[in-house]
Amino acid sequence: RYPNDRPVPVDVPDLAGELGSGWVDLDVQPVGEMWLDQALLLRLDDGESHTAAAGWDGGIYRAWALDDQVAVVLATAWDSEGDAGEFADAMARWIEGSGQAATVLAPEGATVRVLLASDAGTLGALEDAAA
């Protein structure tokens, strides 16, 4: 699809200051449908991952670090609210039972944000910063 269907620009602002003193911007990278599909395949079966990644319309992740703590926001845009809901549900299943400090924020229209962290305290700080 890509040559004929340009992705929607998605941004994650630098939250280092909101996370607290000493946090640094670690990485920022666009993510595509295949990237999301492959990430979902780490914990979901082929059918679930392919269905959840279909309808992708843009995405980016941004990460921050403080010593051994890491915080990540994955922001995605979808062709429809239904596609966003499918991805959010799949990400919730991906997180469930993994022991990962992570949460899927409620979709906002056709966008979904996922927060991932190295530990529960960092996730709480990230939730506050991303609010």
# chains A, B, ... in the order shown; residues from 1 in each chain; ligands from 1
$ residues_around --residues "Ala39 in chain A" --least-positions-apart "5" --cutoff "12 Å" --atoms "only C-alpha atoms" --output "MDAnalysis selection string"
chainID A and resid 31:34 44:46 48:50 52:53 74 87 90:91 94:95
$ write_last_selection --atoms "N, CA and C atoms" --output "short mmCIF file (atom, residue, chain, number, x, y, z; two decimals), in the first residue's frame"
data_model
loop_
_atom_site.label_atom_id
_atom_site.label_comp_id
_atom_site.auth_asym_id
_atom_site.auth_seq_id
_atom_site.Cartn_x
_atom_site.Cartn_y
_atom_site.Cartn_z
N VAL A 31 7.31 3.82 12.86
CA VAL A 31 6.99 2.39 12.79
C VAL A 31 5.90 2.18 11.75
N GLY A 32 6.03 1.12 10.99
CA GLY A 32 5.08 0.81 9.95
C GLY A 32 4.25 -0.41 10.27
N GLU A 33 3.40 -0.76 9.35
CA GLU A 33 2.50 -1.90 9.52
C GLU A 33 3.29 -3.19 9.74
N MET A 34 4.35 -3.40 8.97
CA MET A 34 5.13 -4.62 9.11
C MET A 34 5.84 -4.65 10.47
N LEU A 44 1.55 -13.06 19.90
CA LEU A 44 0.24 -13.43 19.37
C LEU A 44 0.42 -14.32 18.15
N ASP A 45 -0.63 -15.03 17.76
CA ASP A 45 -0.51 -15.88 16.57
C ASP A 45 -0.62 -15.04 15.29
N ASP A 46 -0.29 -15.67 14.16
CA ASP A 46 -0.25 -14.97 12.86
C ASP A 46 -1.55 -14.23 12.55
N GLU A 48 -4.00 -13.15 14.49
CA GLU A 48 -4.24 -12.00 15.36
C GLU A 48 -3.33 -10.83 15.01
N SER A 49 -2.06 -11.12 14.80
CA SER A 49 -1.11 -10.04 14.53
C SER A 49 -1.40 -9.37 13.19
N HIS A 50 -1.66 -10.17 12.16
CA HIS A 50 -1.93 -9.60 10.83
C HIS A 50 -3.20 -8.75 10.84
N ALA A 52 -4.61 -7.27 13.44
CA ALA A 52 -4.41 -6.09 14.27
C ALA A 52 -3.55 -5.03 13.58
N ALA A 53 -2.59 -5.44 12.77
CA ALA A 53 -1.70 -4.49 12.10
C ALA A 53 -2.32 -3.91 10.83
N LEU A 74 4.49 4.43 22.27
CA LEU A 74 4.21 4.02 20.90
C LEU A 74 2.89 4.68 20.51
N PHE A 87 -6.42 -2.91 17.08
CA PHE A 87 -5.03 -2.85 17.50
C PHE A 87 -4.92 -2.70 19.01
N ALA A 90 -5.57 -6.01 20.61
CA ALA A 90 -4.45 -6.94 20.40
C ALA A 90 -3.27 -6.56 21.29
N MET A 91 -2.98 -5.28 21.42
CA MET A 91 -1.89 -4.85 22.29
C MET A 91 -2.18 -5.20 23.75
N TRP A 94 -1.36 -8.69 24.05
CA TRP A 94 0.09 -8.81 23.96
C TRP A 94 0.73 -8.54 25.32
N ILE A 95 0.21 -7.55 26.04
CA ILE A 95 0.74 -7.17 27.34
C ILE A 95 0.31 -8.16 28.43
#
$ select_by_dssp --residues "range 15-115 of chain A" --states "strand (DSSP E or B)" --output "number ranges by chain"
A: 24-30, 56-66, 69-78, 101-104, 108, 111-115
$ residues_around --residues "range 119-124 of chain A" --least-positions-apart "2" --cutoff "7 Å" --atoms "only C-alpha atoms" --output "PyMOL selection string"
chain A and resi 69+71+101-102+116-117+126-128
$ write_last_selection --atoms "all heavy atoms" --output "PDB file, in the first residue's frame"
ATOM      1  N   GLN A  69      16.421   2.675  33.944  1.00  0.00           N
ATOM      2  CA  GLN A  69      14.987   2.821  33.690  1.00  0.00           C
ATOM      3  C   GLN A  69      14.766   3.269  32.243  1.00  0.00           C
ATOM      4  O   GLN A  69      15.512   4.095  31.717  1.00  0.00           O
ATOM      5  CB  GLN A  69      14.368   3.853  34.634  1.00  0.00           C
ATOM      6  CG  GLN A  69      14.460   3.466  36.100  1.00  0.00           C
ATOM      7  CD  GLN A  69      14.087   4.643  36.957  1.00  0.00           C
ATOM      8  OE1 GLN A  69      14.840   5.603  37.060  1.00  0.00           O
ATOM      9  NE2 GLN A  69      12.911   4.563  37.557  1.00  0.00           N
ATOM     10  N   ALA A  71      11.465   4.314  29.451  1.00  0.00           N
ATOM     11  CA  ALA A  71      10.057   4.621  29.215  1.00  0.00           C
ATOM     12  C   ALA A  71       9.855   4.786  27.714  1.00  0.00           C
ATOM     13  O   ALA A  71      10.680   5.413  27.044  1.00  0.00           O
ATOM     14  CB  ALA A  71       9.665   5.900  29.941  1.00  0.00           C
ATOM     15  N   ALA A 101       5.613  -3.991  32.337  1.00  0.00           N
ATOM     16  CA  ALA A 101       5.000  -2.773  32.844  1.00  0.00           C
ATOM     17  C   ALA A 101       4.552  -1.979  31.625  1.00  0.00           C
ATOM     18  O   ALA A 101       5.367  -1.345  30.947  1.00  0.00           O
ATOM     19  CB  ALA A 101       5.992  -1.978  33.686  1.00  0.00           C
ATOM     20  N   ALA A 102       3.282  -2.078  31.296  1.00  0.00           N
ATOM     21  CA  ALA A 102       2.772  -1.454  30.069  1.00  0.00           C
ATOM     22  C   ALA A 102       1.271  -1.269  30.181  1.00  0.00           C
ATOM     23  O   ALA A 102       0.604  -1.963  30.962  1.00  0.00           O
ATOM     24  CB  ALA A 102       3.100  -2.320  28.855  1.00  0.00           C
ATOM     25  N   LEU A 116       5.028   1.763  27.556  1.00  0.00           N
ATOM     26  CA  LEU A 116       5.811   0.622  28.034  1.00  0.00           C
ATOM     27  C   LEU A 116       6.941   1.159  28.903  1.00  0.00           C
ATOM     28  O   LEU A 116       7.494   2.225  28.605  1.00  0.00           O
ATOM     29  CB  LEU A 116       6.393  -0.162  26.862  1.00  0.00           C
ATOM     30  CG  LEU A 116       5.361  -0.652  25.840  1.00  0.00           C
ATOM     31  CD1 LEU A 116       5.478   0.132  24.561  1.00  0.00           C
ATOM     32  CD2 LEU A 116       5.523  -2.115  25.592  1.00  0.00           C
ATOM     33  N   ALA A 117       7.277   0.405  29.948  1.00  0.00           N
ATOM     34  CA  ALA A 117       8.317   0.871  30.854  1.00  0.00           C
ATOM     35  C   ALA A 117       9.087  -0.293  31.444  1.00  0.00           C
ATOM     36  O   ALA A 117       8.647  -1.448  31.395  1.00  0.00           O
ATOM     37  CB  ALA A 117       7.690   1.715  31.962  1.00  0.00           C
ATOM     38  N   LEU A 126       5.424   7.755  33.533  1.00  0.00           N
ATOM     39  CA  LEU A 126       5.140   7.939  32.109  1.00  0.00           C
ATOM     40  C   LEU A 126       3.660   8.244  31.893  1.00  0.00           C
ATOM     41  O   LEU A 126       3.309   9.093  31.078  1.00  0.00           O
ATOM     42  CB  LEU A 126       5.554   6.700  31.318  1.00  0.00           C
ATOM     43  CG  LEU A 126       5.369   6.752  29.807  1.00  0.00           C
ATOM     44  CD1 LEU A 126       6.132   7.933  29.184  1.00  0.00           C
ATOM     45  CD2 LEU A 126       5.806   5.429  29.172  1.00  0.00           C
ATOM     46  N   GLU A 127       2.787   7.565  32.625  1.00  0.00           N
ATOM     47  CA  GLU A 127       1.351   7.849  32.516  1.00  0.00           C
ATOM     48  C   GLU A 127       1.062   9.296  32.883  1.00  0.00           C
ATOM     49  O   GLU A 127       0.289   9.972  32.196  1.00  0.00           O
ATOM     50  CB  GLU A 127       0.553   6.897  33.411  1.00  0.00           C
ATOM     51  CG  GLU A 127       0.521   5.489  32.895  1.00  0.00           C
ATOM     52  CD  GLU A 127      -0.110   4.502  33.864  1.00  0.00           C
ATOM     53  OE1 GLU A 127       0.084   4.642  35.086  1.00  0.00           O
ATOM     54  OE2 GLU A 127      -0.796   3.577  33.381  1.00  0.00           O
ATOM     55  N   ASP A 128       1.682   9.787  33.938  1.00  0.00           N
ATOM     56  CA  ASP A 128       1.496  11.179  34.339  1.00  0.00           C
ATOM     57  C   ASP A 128       2.047  12.142  33.279  1.00  0.00           C
ATOM     58  O   ASP A 128       1.400  13.126  32.927  1.00  0.00           O
ATOM     59  CB  ASP A 128       2.194  11.464  35.669  1.00  0.00           C
ATOM     60  CG  ASP A 128       1.518  10.758  36.854  1.00  0.00           C
ATOM     61  OD1 ASP A 128       0.352  10.318  36.711  1.00  0.00           O
ATOM     62  OD2 ASP A 128       2.182  10.640  37.893  1.00  0.00           O
TER      63      ASP A 128
END
$ closest_atom_pairs --of "range 43-83 of chain A" --to "range 17-25 of chain A" --cutoff "6 Å" --atoms "only C-alpha atoms" --output "tab-separated table"
residue	atom	partner	partner_atom	distance
A:Trp64	CA	A:Asp25	CA	4.6
A:Ala65	CA	A:Val24	CA	5.5
A:Leu66	CA	A:Trp23	CA	4.8
$ select_by_dssp --residues "chain A" --states "alpha helix (DSSP H)" --output "MDAnalysis selection string"
chainID A and resid 16:19 33:41 46:53 81:95 120:130
$ write_last_selection --atoms "N, CA and C atoms" --output "short mmCIF file (atom, residue, chain, number, x, y, z; two decimals), in the first residue's frame"
data_model
loop_
_atom_site.label_atom_id
_atom_site.label_comp_id
_atom_site.auth_asym_id
_atom_site.auth_seq_id
_atom_site.Cartn_x
_atom_site.Cartn_y
_atom_site.Cartn_z
N ALA A 16 10.97 14.10 28.36
CA ALA A 16 12.06 13.97 29.33
C ALA A 16 11.85 14.90 30.53
N GLY A 17 11.52 16.14 30.28
CA GLY A 17 11.31 17.09 31.37
C GLY A 17 10.15 16.71 32.27
N GLU A 18 9.06 16.19 31.68
CA GLU A 18 7.90 15.78 32.46
C GLU A 18 8.17 14.51 33.26
N LEU A 19 9.08 13.67 32.77
CA LEU A 19 9.42 12.43 33.50
C LEU A 19 10.22 12.74 34.75
N GLU A 33 3.40 -0.76 9.35
CA GLU A 33 2.50 -1.90 9.52
C GLU A 33 3.29 -3.19 9.74
N MET A 34 4.35 -3.40 8.97
CA MET A 34 5.13 -4.62 9.11
C MET A 34 5.84 -4.65 10.47
N TRP A 35 6.36 -3.52 10.92
CA TRP A 35 7.02 -3.43 12.22
C TRP A 35 6.04 -3.85 13.32
N LEU A 36 4.83 -3.29 13.28
CA LEU A 36 3.81 -3.64 14.29
C LEU A 36 3.42 -5.10 14.20
N ASP A 37 3.26 -5.60 12.99
CA ASP A 37 2.91 -7.01 12.80
C ASP A 37 3.98 -7.91 13.42
N GLN A 38 5.24 -7.61 13.16
CA GLN A 38 6.33 -8.43 13.69
C GLN A 38 6.41 -8.33 15.22
N ALA A 39 6.16 -7.15 15.76
CA ALA A 39 6.16 -6.99 17.22
C ALA A 39 5.02 -7.81 17.84
N LEU A 40 3.84 -7.74 17.24
CA LEU A 40 2.70 -8.51 17.76
C LEU A 40 2.95 -10.01 17.66
N LEU A 41 3.65 -10.44 16.61
CA LEU A 41 3.95 -11.86 16.43
C LEU A 41 4.82 -12.44 17.55
N ASP A 46 -0.29 -15.67 14.16
CA ASP A 46 -0.25 -14.97 12.86
C ASP A 46 -1.55 -14.23 12.55
N GLY A 47 -2.67 -14.92 12.71
CA GLY A 47 -3.96 -14.31 12.36
C GLY A 47 -4.24 -13.07 13.18
N GLU A 48 -4.00 -13.15 14.49
CA GLU A 48 -4.24 -12.00 15.36
C GLU A 48 -3.33 -10.83 15.01
N SER A 49 -2.06 -11.12 14.80
CA SER A 49 -1.11 -10.04 14.53
C SER A 49 -1.40 -9.37 13.19
N HIS A 50 -1.66 -10.17 12.16
CA HIS A 50 -1.93 -9.60 10.83
C HIS A 50 -3.20 -8.75 10.84
N THR A 51 -4.24 -9.25 11.49
CA THR A 51 -5.50 -8.51 11.56
C THR A 51 -5.32 -7.20 12.32
N ALA A 52 -4.61 -7.27 13.44
CA ALA A 52 -4.41 -6.09 14.27
C ALA A 52 -3.55 -5.03 13.58
N ALA A 53 -2.59 -5.44 12.77
CA ALA A 53 -1.70 -4.49 12.10
C ALA A 53 -2.32 -3.91 10.83
N GLU A 81 -11.73 4.02 13.29
CA GLU A 81 -11.84 3.77 14.73
C GLU A 81 -11.91 2.27 15.00
N GLY A 82 -12.52 1.51 14.11
CA GLY A 82 -12.58 0.06 14.26
C GLY A 82 -11.19 -0.56 14.20
N ASP A 83 -10.37 -0.10 13.25
CA ASP A 83 -8.99 -0.59 13.16
C ASP A 83 -8.21 -0.23 14.42
N ALA A 84 -8.42 0.98 14.93
CA ALA A 84 -7.74 1.41 16.17
C ALA A 84 -8.15 0.51 17.33
N GLY A 85 -9.42 0.19 17.41
CA GLY A 85 -9.91 -0.69 18.47
C GLY A 85 -9.33 -2.09 18.38
N GLU A 86 -9.22 -2.62 17.17
CA GLU A 86 -8.62 -3.95 16.98
C GLU A 86 -7.17 -3.96 17.44
N PHE A 87 -6.42 -2.91 17.08
CA PHE A 87 -5.03 -2.85 17.50
C PHE A 87 -4.92 -2.70 19.01
N ALA A 88 -5.74 -1.84 19.60
CA ALA A 88 -5.71 -1.65 21.05
C ALA A 88 -6.01 -2.96 21.78
N ASP A 89 -7.00 -3.69 21.30
CA ASP A 89 -7.34 -4.98 21.91
C ASP A 89 -6.19 -5.98 21.78
N ALA A 90 -5.57 -6.01 20.61
CA ALA A 90 -4.45 -6.94 20.40
C ALA A 90 -3.27 -6.56 21.29
N MET A 91 -2.98 -5.28 21.42
CA MET A 91 -1.89 -4.85 22.29
C MET A 91 -2.18 -5.20 23.75
N ALA A 92 -3.43 -5.07 24.15
CA ALA A 92 -3.80 -5.45 25.52
C ALA A 92 -3.54 -6.94 25.74
N ARG A 93 -3.89 -7.78 24.75
CA ARG A 93 -3.60 -9.22 24.86
C ARG A 93 -2.10 -9.47 24.84
N TRP A 94 -1.36 -8.69 24.05
CA TRP A 94 0.09 -8.81 23.96
C TRP A 94 0.73 -8.54 25.32
N ILE A 95 0.21 -7.55 26.04
CA ILE A 95 0.74 -7.17 27.34
C ILE A 95 0.31 -8.16 28.43
N ALA A 120 7.08 -0.75 37.17
CA ALA A 120 5.79 -0.13 37.48
C ALA A 120 5.92 1.33 37.86
N GLY A 121 6.95 1.69 38.62
CA GLY A 121 7.14 3.09 39.00
C GLY A 121 7.39 3.98 37.80
N THR A 122 8.20 3.50 36.87
CA THR A 122 8.46 4.25 35.65
C THR A 122 7.21 4.38 34.81
N LEU A 123 6.41 3.30 34.77
CA LEU A 123 5.15 3.37 34.02
C LEU A 123 4.23 4.44 34.62
N GLY A 124 4.15 4.51 35.95
CA GLY A 124 3.33 5.53 36.59
C GLY A 124 3.79 6.93 36.22
N ALA A 125 5.10 7.15 36.23
CA ALA A 125 5.64 8.46 35.85
C ALA A 125 5.34 8.77 34.39
N LEU A 126 5.42 7.75 33.53
CA LEU A 126 5.14 7.94 32.11
C LEU A 126 3.66 8.24 31.89
N GLU A 127 2.79 7.57 32.63
CA GLU A 127 1.35 7.85 32.52
C GLU A 127 1.06 9.30 32.88
N ASP A 128 1.68 9.79 33.94
CA ASP A 128 1.50 11.18 34.34
C ASP A 128 2.05 12.14 33.28
N ALA A 129 3.23 11.84 32.75
CA ALA A 129 3.87 12.70 31.76
C ALA A 129 3.10 12.73 30.45
N ALA A 130 2.50 11.60 30.08
CA ALA A 130 1.82 11.49 28.78
C ALA A 130 0.36 11.96 28.84
#
$ closest_residue --among "A:Val73, A:Leu115, A:Trp78, A:Asp67" --to "Val12 in chain A" --atoms "only C-alpha atoms"
A:Val73
$ atom_distance --atom1 "CA of Val10 in chain A" --atom2 "CA of Ala77 in chain A"
7.0 Å
$ atom_distance --atom1 "CA of Leu15 in chain A" --atom2 "CA of Ala75 in chain A"
13.5 Å
$ residues_around --residues "Asp79 in chain A" --least-positions-apart "4" --cutoff "9 Å" --atoms "only C-alpha atoms" --output "list in words"
Ala54, Gly55, Trp56, Asp57, Asp83, Ala84 and Ala110 of chain A
$ write_last_selection --atoms "N, CA, C and O atoms" --output "mmCIF file, in the first residue's frame"
data_model
loop_
_atom_site.group_PDB
_atom_site.id
_atom_site.type_symbol
_atom_site.label_atom_id
_atom_site.label_comp_id
_atom_site.auth_asym_id
_atom_site.auth_seq_id
_atom_site.Cartn_x
_atom_site.Cartn_y
_atom_site.Cartn_z
ATOM 1 N N ALA A 54 -3.306 -4.622 10.264
ATOM 2 C CA ALA A 54 -3.980 -4.123 9.060
ATOM 3 C C ALA A 54 -4.751 -2.854 9.413
ATOM 4 O O ALA A 54 -5.287 -2.726 10.504
ATOM 5 N N GLY A 55 -4.786 -1.936 8.521
ATOM 6 C CA GLY A 55 -5.475 -0.678 8.780
ATOM 7 C C GLY A 55 -4.549 0.380 9.358
ATOM 8 O O GLY A 55 -4.974 1.488 9.676
ATOM 9 N N TRP A 56 -3.263 0.040 9.504
ATOM 10 C CA TRP A 56 -2.270 1.000 9.990
ATOM 11 C C TRP A 56 -2.260 2.215 9.075
ATOM 12 O O TRP A 56 -2.379 2.100 7.866
ATOM 13 N N ASP A 57 -2.107 3.393 9.671
ATOM 14 C CA ASP A 57 -2.058 4.612 8.867
ATOM 15 C C ASP A 57 -0.936 5.549 9.302
ATOM 16 O O ASP A 57 -0.830 6.653 8.816
ATOM 17 N N ASP A 83 -10.365 -0.098 13.253
ATOM 18 C CA ASP A 83 -8.988 -0.589 13.156
ATOM 19 C C ASP A 83 -8.207 -0.234 14.422
ATOM 20 O O ASP A 83 -7.430 -1.043 14.927
ATOM 21 N N ALA A 84 -8.417 0.982 14.933
ATOM 22 C CA ALA A 84 -7.741 1.408 16.165
ATOM 23 C C ALA A 84 -8.149 0.506 17.327
ATOM 24 O O ALA A 84 -7.301 0.087 18.121
ATOM 25 N N ALA A 110 -9.238 7.510 15.837
ATOM 26 C CA ALA A 110 -8.490 6.478 15.110
ATOM 27 C C ALA A 110 -7.019 6.456 15.513
ATOM 28 O O ALA A 110 -6.160 6.087 14.727
#
$ atom_distance --atom1 "CA of Arg113 in chain A" --atom2 "CA of Gly59 in chain A"
9.5 Å
